[in-house]
Amino acid sequence: MTGRVDKVLLLDGVDPVCGRILTQAGISVTTHNKKLSKDQLIKELSEHEGVIVRSATRVTEEVLASSNKLRIIGRAGAGVDNIDVSAATRKGVIVMNTPGGNTLSAAEHTCAMVCSLARFLPQACAALKAGTWDRKAYLGSELHGKTIAIVGLGRIGREVAKRMQAFGMTTIGYDPIIPKEVTSEWGVESLPLEDLWSQADYITVHTPLLPHTKNLIGDEVLAKCKPGVRIVNVARGGIVDEAALLRALENGTCGGAALDVFLEEPPTDLTLCRHPKVICTPHLGANTVEAQRRVAKEIAQQIVDMVHGRPLVGVVNAPALSNATSNACKPWIELAKALGCLANSLFQPMDTPALTITVDLYGSEVSEMKSFLGSAVLVGLLKGLTQNGINLVNAPVLAQEVGVSLTLHAHGNQPAPVPSTGPEALQVKVTRGPTTHVLLGNASGGQATLYALDGCVWESGLTLGRNMLFFSASPSATPLAAIATQLLAVQAVVTSLLSSNSTTKEVWHVARTSANVDLPFAIPDTNLRAQLTF
């Protein structure tokens with residue numbers, strides 16, 4: 001789908017089990033435990049098809065622009081904010097993560113932070129080690145009967161709720177995706193964000209860092225909270241506005257904060273970290289032996305599965321491709337690419353590439369492939385557009401950039417326009433200006449087969465492949481002998497010569513040769529309209 005993956009670069013101290021799994025699968029591994037400079041990273045990526053990182057290495061647009069060999073980026077963990085996902089997508093590079101691998105460790109760390117806030121454990125420990133025995137200064141409070149608001153009720157948020165309920169806490173939360181009927185089954189009352197702040201004794205965030213979550217907890221929110229509210233962030237730096245949090249700590253609005261993540265890591269300004277009401281750790285949420293081994297194993301296995309054509313898991317920038325590597329889907333992907341490639345050839349030269357494409361899927365099985373067959377058509381249609389190649393990952397982005405619009409319809413069990421295709425069929429309609437071409441094919445037999453082109457039908461189908469010449473002629477013409485003669489004149493070995501049924505307008509004649517052929521002259525009564533070399 002995105003090319004071979006023979007060599008993978010392991011960075012950021014990824015657990016050695018990752019390399020062992022890849023090596024056992026026949027993939028060569030290079031390991032660097034020390035952080036590479038940008039230039040070193042670019043040099044290494046020029047020799048590898050894959051790279052696996054944790055959170056330290058930043059795979060930026062500049063790095064990606066210089067990495068034409070790269071095919072996959074694996075994140076051993078959940079967050080991908082150290083990877084320019086948009087740039088990777090445009091480059092056709094798959095980005096994978098392991099969102100579930102560090103769930104338990106992150107949840108446990110969150111709960112430890114809550115407990116530490118309630119009982120001043122780090123401060124009391126530091127005081128005693130410094131020789132001060134002071135019980136009054138560290139008068140804590142029970143968690144029992146308190147309310148914790150959990151912003152983000154995904155895997156980690158759910159596990160936090162489960163554990164804090166065991167302390168007797170009331171759990172409320174917010175999640176834009178998960179229905180309140182579902183969260184209630186976990187004992188979490190789902191509320192609008194605006195209703196959370198005033199009820200919470202503790203607030204913990206478990207969301208990705210996105211434009212709408214940046215500085216989510218800021219001056220405005222903190223002003224709405226209970227006096228003395230305590231804030232926990234074991235998710236991503238930047239979700240909590242650090243300057244606003246410091247102001248709230250200073251004026252007493254916030255009674256304490258526990259921070260594992262920061263906007264800048266490591267932070268150069270330690271004012272917030274040194275505040276007496278702040279507990280801080282250096283991004284340790286997923287930093288357990290178990291979690292690091294788990295995410296290393298998961299990302300390695302995901303890459304091995306991709307290489308072996310198994311269903312994809314954890315794809316961040318093209319989740320629709322999860323099932324595109326299955327054996328049942330591969331022939332249909334090849335058909336879609338072939339029809340796109342043929343359409344491209346029919347419109348040559350592509351001097352004004354703005355095209356309108358309509359893809360229609362007939363049959364229950366092929367209709368289930370709606371998420372990626374449109375992209376496959378674009379791959380064939382726009383082949384050769386980029387230096388790094390076009391694939392199912394970047395095809396939609398590149399198509400949009402050159403003015404190609406795609407509409408896709410899945411018709412379920414509705415019969416295809418040509419009965420001979422059988423119950424499953426793929427139709428591609430391509431329009432540029434006043435010209436439209438309609439192609440209909442089937443791949444149920446495991447091969448990309450064309451059944452109709454612009455209304456002309458091959459009842460038994462025409463297997464698509466390399467070195468095919470498509471000639472159109474009027475229904476009254478009989479050019480087969482002339483086509484064969486002229487091909488032989490240029491020493492072409494003709495392996496087959498098939499004609500479609502005719503319409504009132506035209507008939508198509510297709511010659512298959514053993515090698516690519518350049519015809520230096522026209523053939524009487526015909527028009528060479530397309531040449532397949534994919």
# chains A, B, ... in the order shown; residues from 1 in each chain; ligands from 1

$ select_by_dssp --residues "range 311-387 of chain A" --states "strand (DSSP E)" --output "PyMOL selection string"
chain A and resi 356-362

$ residues_around --residues "Arg512 in chain A" --least-positions-apart "3" --cutoff "9 Å" --atoms "only C-alpha atoms" --output "list in words"
Gly465, Arg466, Asn467, Met468, Leu469, Val493, Val494, Thr495, Ser496, Leu497, Leu498 and Ala515 of chain A

$ write_last_selection --atoms "N, CA and C atoms" --output "short mmCIF file (atom, residue, chain, number, x, y, z; two decimals), in the first residue's frame"
data_model
loop_
_atom_site.label_atom_id
_atom_site.label_comp_id
_atom_site.auth_asym_id
_atom_site.auth_seq_id
_atom_site.Cartn_x
_atom_site.Cartn_y
_atom_site.Cartn_z
N GLY A 465 -4.41 -4.99 -17.17
CA GLY A 465 -3.02 -5.23 -16.79
C GLY A 465 -2.11 -4.33 -17.59
N ARG A 466 -0.87 -4.70 -17.66
CA ARG A 466 0.12 -3.88 -18.34
C ARG A 466 0.02 -4.05 -19.86
N ASN A 467 0.54 -3.03 -20.56
CA ASN A 467 0.74 -3.10 -22.02
C ASN A 467 -0.56 -3.36 -22.77
N MET A 468 -1.54 -2.51 -22.55
CA MET A 468 -2.82 -2.61 -23.24
C MET A 468 -3.07 -1.33 -24.02
N LEU A 469 -3.46 -1.46 -25.28
CA LEU A 469 -3.75 -0.34 -26.15
C LEU A 469 -5.24 -0.31 -26.43
N VAL A 493 4.70 -8.02 -30.04
CA VAL A 493 4.12 -9.35 -29.91
C VAL A 493 2.71 -9.19 -29.34
N VAL A 494 1.69 -9.44 -30.14
CA VAL A 494 0.31 -9.27 -29.73
C VAL A 494 -0.17 -10.56 -29.06
N THR A 495 -0.55 -10.47 -27.81
CA THR A 495 -1.00 -11.66 -27.07
C THR A 495 -2.51 -11.83 -27.10
N SER A 496 -3.24 -10.72 -27.31
CA SER A 496 -4.69 -10.83 -27.46
C SER A 496 -5.21 -9.57 -28.14
N LEU A 497 -6.38 -9.71 -28.79
CA LEU A 497 -7.01 -8.59 -29.47
C LEU A 497 -8.51 -8.78 -29.34
N LEU A 498 -9.14 -7.97 -28.49
CA LEU A 498 -10.54 -8.16 -28.16
C LEU A 498 -11.35 -6.90 -28.45
N ALA A 515 5.07 -6.30 -24.43
CA ALA A 515 5.89 -5.20 -23.92
C ALA A 515 5.24 -3.89 -24.33
#

$ residues_around --residues "Thr526 in chain A" --least-positions-apart "3" --cutoff "9 Å" --atoms "only C-alpha atoms" --output "list in words"
Phe471, Ser472, Ala473, Ser474, Ala477, Pro479, Ile483, His509, Ala522 and Ile523 of chain A

$ closest_residue --among "A:Ala137, A:Thr31, A:Val316, A:Gln24" --to "Ile94 in chain A" --atoms "only C-alpha atoms"
A:Val316

$ closest_residue --among "A:Leu346, A:Ala511, A:Leu104, A:Leu10" --to "Thr288 in chain A" --atoms "only C-alpha atoms"
A:Leu104

$ closest_atom_pairs --of "range 56-126 of chain A" --to "range 217-233 of chain A" --cutoff "9 Å" --atoms "only C-alpha atoms" --output "JSON lines"
{"residue": "A:Thr110", "atom": "CA", "partner": "A:Val232", "partner_atom": "CA", "distance": 7.3}
{"residue": "A:Met113", "atom": "CA", "partner": "A:Val232", "partner_atom": "CA", "distance": 7.2}
{"residue": "A:Val114", "atom": "CA", "partner": "A:Val232", "partner_atom": "CA", "distance": 7.2}
{"residue": "A:Leu117", "atom": "CA", "partner": "A:Arg230", "partner_atom": "CA", "distance": 7.6}
{"residue": "A:Ala118", "atom": "CA", "partner": "A:Arg230", "partner_atom": "CA", "distance": 8.9}
